[in-house]
Amino acid sequence: PGVVMGLAWTSMGGSVLYIELVKAMGGQPGKGALQVTGQLGNVMSESATIAHTFARGFHAILTGASHSEFFATTDLHLHVPAGATPKDGPSAGCTIVTAMLSLATGQPVRPNLAMTGEVSLTGRVLQIGGVKEKTLAAQVTPP
């Protein structure tokens, strides 16, 4: 739970990237904070914040509660591996939301599933670019 494969457009075509999300360590109850690492640009960092806001509200709806106890009391650490490679763009939003809800519910995401798409504060997945390159990257990546 918490690991999801995303698709990205690069100047050399498409590539896959993994979004990893874990509960931050410390042993104390958290305050619902989100730490982001992996040399993310401003746009991708904003996407992580938007995903966190949406996932928080959506998880409350899933659990039938007025707020999400998980997100209110759990500090999260989101990392995109290959830290030496700069990453930016809005298309990781739905992948980040999925990683967050996967961790919150304890349900792993299928390892042969990849996704892309910017997500809005209300949960709309917006139009994507680089479809051809992203599709080719998904086809050549083993699960």
# chains A, B, ... in the order shown; residues from 1 in each chain; ligands from 1
$ select_by_dssp --residues "chain A" --states "strand (DSSP E)" --output "PyMOL selection string"
chain A and resi 3-10+13-23+34-37+76-79+114-115
$ select_by_dssp --residues "chain A" --states "helix (DSSP H, G or I)" --output "ChimeraX atom specification"
/A:42-63,69-73,93-105,131-140
$ residues_around --residues "Ala99 (chain A)" --least-positions-apart "6" --cutoff "12 Å" --atoms "only C-alpha atoms" --output "short mmCIF file (atom, residue, chain, number, x, y, z; two decimals) with N, CA, C and O atoms, in the first residue's frame"
data_model
loop_
_atom_site.label_atom_id
_atom_site.label_comp_id
_atom_site.auth_asym_id
_atom_site.auth_seq_id
_atom_site.Cartn_x
_atom_site.Cartn_y
_atom_site.Cartn_z
N PRO A 1 0.82 -1.20 0.00
CA PRO A 1 0.00 0.00 0.00
C PRO A 1 0.87 1.26 0.00
O PRO A 1 1.89 1.32 0.67
N GLY A 2 0.45 2.25 -0.78
CA GLY A 2 1.17 3.51 -0.81
C GLY A 2 2.14 3.66 -1.97
O GLY A 2 2.75 4.70 -2.12
N VAL A 3 2.29 2.62 -2.79
CA VAL A 3 3.21 2.69 -3.93
C VAL A 3 2.40 2.54 -5.22
O VAL A 3 1.66 1.57 -5.39
N VAL A 4 2.55 3.53 -6.11
CA VAL A 4 1.79 3.53 -7.36
C VAL A 4 2.70 3.97 -8.50
O VAL A 4 3.54 4.86 -8.34
N MET A 5 2.54 3.34 -9.67
CA MET A 5 3.33 3.68 -10.84
C MET A 5 2.61 4.78 -11.63
O MET A 5 1.43 4.67 -11.94
N GLY A 6 3.36 5.84 -11.94
CA GLY A 6 2.83 6.92 -12.74
C GLY A 6 3.55 6.99 -14.07
O GLY A 6 4.61 6.38 -14.26
N TYR A 18 7.71 6.04 -9.97
CA TYR A 18 6.96 5.48 -8.85
C TYR A 18 6.73 6.55 -7.80
O TYR A 18 7.64 7.32 -7.48
N ILE A 19 5.53 6.59 -7.30
CA ILE A 19 5.18 7.45 -6.18
C ILE A 19 5.16 6.54 -4.96
O ILE A 19 4.44 5.54 -4.94
N GLU A 20 5.97 6.88 -3.97
CA GLU A 20 6.03 6.10 -2.73
C GLU A 20 5.54 6.97 -1.58
O GLU A 20 5.99 8.10 -1.42
N LEU A 21 4.65 6.42 -0.79
CA LEU A 21 4.10 7.16 0.34
C LEU A 21 4.13 6.26 1.56
O LEU A 21 3.69 5.11 1.51
N VAL A 22 4.68 6.77 2.65
CA VAL A 22 4.73 6.02 3.91
C VAL A 22 4.30 6.93 5.05
O VAL A 22 4.33 8.16 4.94
N LYS A 23 3.94 6.29 6.15
CA LYS A 23 3.70 7.05 7.38
C LYS A 23 5.06 7.51 7.89
O LYS A 23 6.00 6.72 7.96
N ALA A 48 1.15 17.63 -5.24
CA ALA A 48 1.14 16.81 -4.03
C ALA A 48 0.25 17.44 -2.95
O ALA A 48 -0.50 16.75 -2.27
N ALA A 51 -3.36 17.02 -4.05
CA ALA A 51 -3.74 15.61 -3.86
C ALA A 51 -4.02 15.31 -2.40
O ALA A 51 -4.98 14.61 -2.07
N HIS A 52 -3.19 15.85 -1.51
CA HIS A 52 -3.36 15.64 -0.07
C HIS A 52 -4.69 16.23 0.40
O HIS A 52 -5.44 15.58 1.14
N ALA A 55 -7.53 13.99 -1.14
CA ALA A 55 -7.56 12.65 -0.54
C ALA A 55 -8.13 12.69 0.87
O ALA A 55 -8.86 11.78 1.28
N LEU A 76 2.65 12.16 6.74
CA LEU A 76 2.99 11.36 5.57
C LEU A 76 4.28 11.85 4.93
O LEU A 76 4.60 13.04 4.97
N HIS A 77 5.02 10.91 4.34
CA HIS A 77 6.23 11.23 3.59
C HIS A 77 6.04 10.68 2.19
O HIS A 77 5.91 9.48 2.00
N LEU A 78 6.03 11.58 1.21
CA LEU A 78 5.89 11.21 -0.19
C LEU A 78 7.25 11.35 -0.85
O LEU A 78 7.91 12.38 -0.69
N HIS A 79 7.67 10.31 -1.56
CA HIS A 79 8.96 10.35 -2.23
C HIS A 79 8.81 9.83 -3.66
O HIS A 79 8.06 8.88 -3.91
N VAL A 80 9.50 10.48 -4.58
CA VAL A 80 9.57 10.01 -5.96
C VAL A 80 11.03 9.64 -6.20
O VAL A 80 11.88 10.52 -6.24
N ALA A 92 1.12 14.07 -12.11
CA ALA A 92 1.21 13.03 -11.07
C ALA A 92 0.08 13.11 -10.07
O ALA A 92 -0.02 12.27 -9.18
N GLY A 93 -0.81 14.08 -10.20
CA GLY A 93 -1.86 14.30 -9.21
C GLY A 93 -2.71 13.07 -8.91
O GLY A 93 -2.88 12.69 -7.75
N THR A 105 -6.22 3.16 3.28
CA THR A 105 -7.14 2.02 3.35
C THR A 105 -6.41 0.69 3.53
O THR A 105 -7.05 -0.33 3.78
N GLY A 106 -5.08 0.70 3.32
CA GLY A 106 -4.32 -0.54 3.43
C GLY A 106 -4.45 -1.43 2.21
O GLY A 106 -4.05 -2.59 2.24
N GLN A 107 -4.98 -0.89 1.13
CA GLN A 107 -5.19 -1.68 -0.09
C GLN A 107 -4.08 -1.38 -1.10
O GLN A 107 -3.97 -0.26 -1.58
N PRO A 108 -3.27 -2.37 -1.46
CA PRO A 108 -2.23 -2.14 -2.47
C PRO A 108 -2.85 -1.93 -3.85
O PRO A 108 -3.95 -2.42 -4.14
N VAL A 109 -2.15 -1.21 -4.68
CA VAL A 109 -2.55 -0.98 -6.07
C VAL A 109 -1.87 -2.04 -6.92
O VAL A 109 -0.71 -2.39 -6.69
N ARG A 110 -2.58 -2.55 -7.92
CA ARG A 110 -2.00 -3.57 -8.80
C ARG A 110 -0.67 -3.08 -9.35
O ARG A 110 -0.56 -1.94 -9.80
N ALA A 114 -0.59 1.64 -14.31
CA ALA A 114 0.09 2.94 -14.32
C ALA A 114 -0.94 4.01 -14.66
O ALA A 114 -1.93 3.73 -15.34
N MET A 115 -0.72 5.22 -14.15
CA MET A 115 -1.70 6.28 -14.39
C MET A 115 -1.03 7.63 -14.54
O MET A 115 0.14 7.80 -14.18
#
$ residues_around --residues "Val119 (chain A)" --least-positions-apart "4" --cutoff "10 Å" --atoms "only C-alpha atoms" --output "JSON, numbers by chain"
{"A": [47, 48, 50, 51, 54, 90, 91, 92, 93, 94, 95, 96, 97, 123, 124, 125, 126, 127]}
$ write_last_selection --atoms "C-alpha atoms" --output "PDB file, in the first residue's frame"
ATOM      1  CA  SER A  47       0.144  18.719  -7.171  1.00  0.00           C
ATOM      2  CA  ALA A  48       1.137  16.810  -4.030  1.00  0.00           C
ATOM      3  CA  ILE A  50      -3.686  19.427  -3.921  1.00  0.00           C
ATOM      4  CA  ALA A  51      -3.742  15.611  -3.864  1.00  0.00           C
ATOM      5  CA  PHE A  54      -8.535  16.060  -1.973  1.00  0.00           C
ATOM      6  CA  PRO A  90       1.007  18.426 -12.871  1.00  0.00           C
ATOM      7  CA  SER A  91       0.333  14.939 -14.247  1.00  0.00           C
ATOM      8  CA  ALA A  92       1.212  13.026 -11.075  1.00  0.00           C
ATOM      9  CA  GLY A  93      -1.859  14.298  -9.210  1.00  0.00           C
ATOM     10  CA  CYS A  94      -4.114  11.260  -9.686  1.00  0.00           C
ATOM     11  CA  THR A  95      -1.183   8.933  -8.982  1.00  0.00           C
ATOM     12  CA  ILE A  96      -0.478  10.737  -5.704  1.00  0.00           C
ATOM     13  CA  VAL A  97      -4.157  10.647  -4.672  1.00  0.00           C
ATOM     14  CA  GLY A 123     -11.166  15.591  -7.699  1.00  0.00           C
ATOM     15  CA  ARG A 124     -11.585  16.151 -11.413  1.00  0.00           C
ATOM     16  CA  VAL A 125      -8.850  14.497 -13.478  1.00  0.00           C
ATOM     17  CA  LEU A 126      -7.898  17.031 -16.133  1.00  0.00           C
ATOM     18  CA  GLN A 127      -6.785  16.576 -19.732  1.00  0.00           C
TER      19      GLN A 127
END
$ atom_distance --atom1 "CA of Gly30 (chain A)" --atom2 "CA of Glu69 (chain A)"
10.7 Å
$ closest_atom_pairs --of "region 70-140 of chain A" --to "region 57-61 of chain A" --cutoff "10 Å" --atoms "only C-alpha atoms" --output "JSON lines"
{"residue": "A:Phe70", "atom": "CA", "partner": "A:His59", "partner_atom": "CA", "distance": 8.5}
{"residue": "A:Phe71", "atom": "CA", "partner": "A:His59", "partner_atom": "CA", "distance": 8.3}
{"residue": "A:Val97", "atom": "CA", "partner": "A:Phe58", "partner_atom": "CA", "distance": 9.6}
{"residue": "A:Met100", "atom": "CA", "partner": "A:His59", "partner_atom": "CA", "distance": 9.3}
{"residue": "A:Leu101", "atom": "CA", "partner": "A:His59", "partner_atom": "CA", "distance": 6.9}
{"residue": "A:Ala104", "atom": "CA", "partner": "A:His59", "partner_atom": "CA", "distance": 7.8}
{"residue": "A:Thr105", "atom": "CA", "partner": "A:His59", "partner_atom": "CA", "distance": 8.5}
{"residue": "A:Leu121", "atom": "CA", "partner": "A:Gly57", "partner_atom": "CA", "distance": 9.9}
{"residue": "A:Thr122", "atom": "CA", "partner": "A:Gly57", "partner_atom": "CA", "distance": 9.4}
{"residue": "A:Gly123", "atom": "CA", "partner": "A:Phe58", "partner_atom": "CA", "distance": 8.6}
$ atom_distance --atom1 "CA of Lys132 (chain A)" --atom2 "CA of Ser102 (chain A)"
27.4 Å
$ atom_distance --atom1 "CA of Gly26 (chain A)" --atom2 "CA of Thr53 (chain A)"
22.8 Å
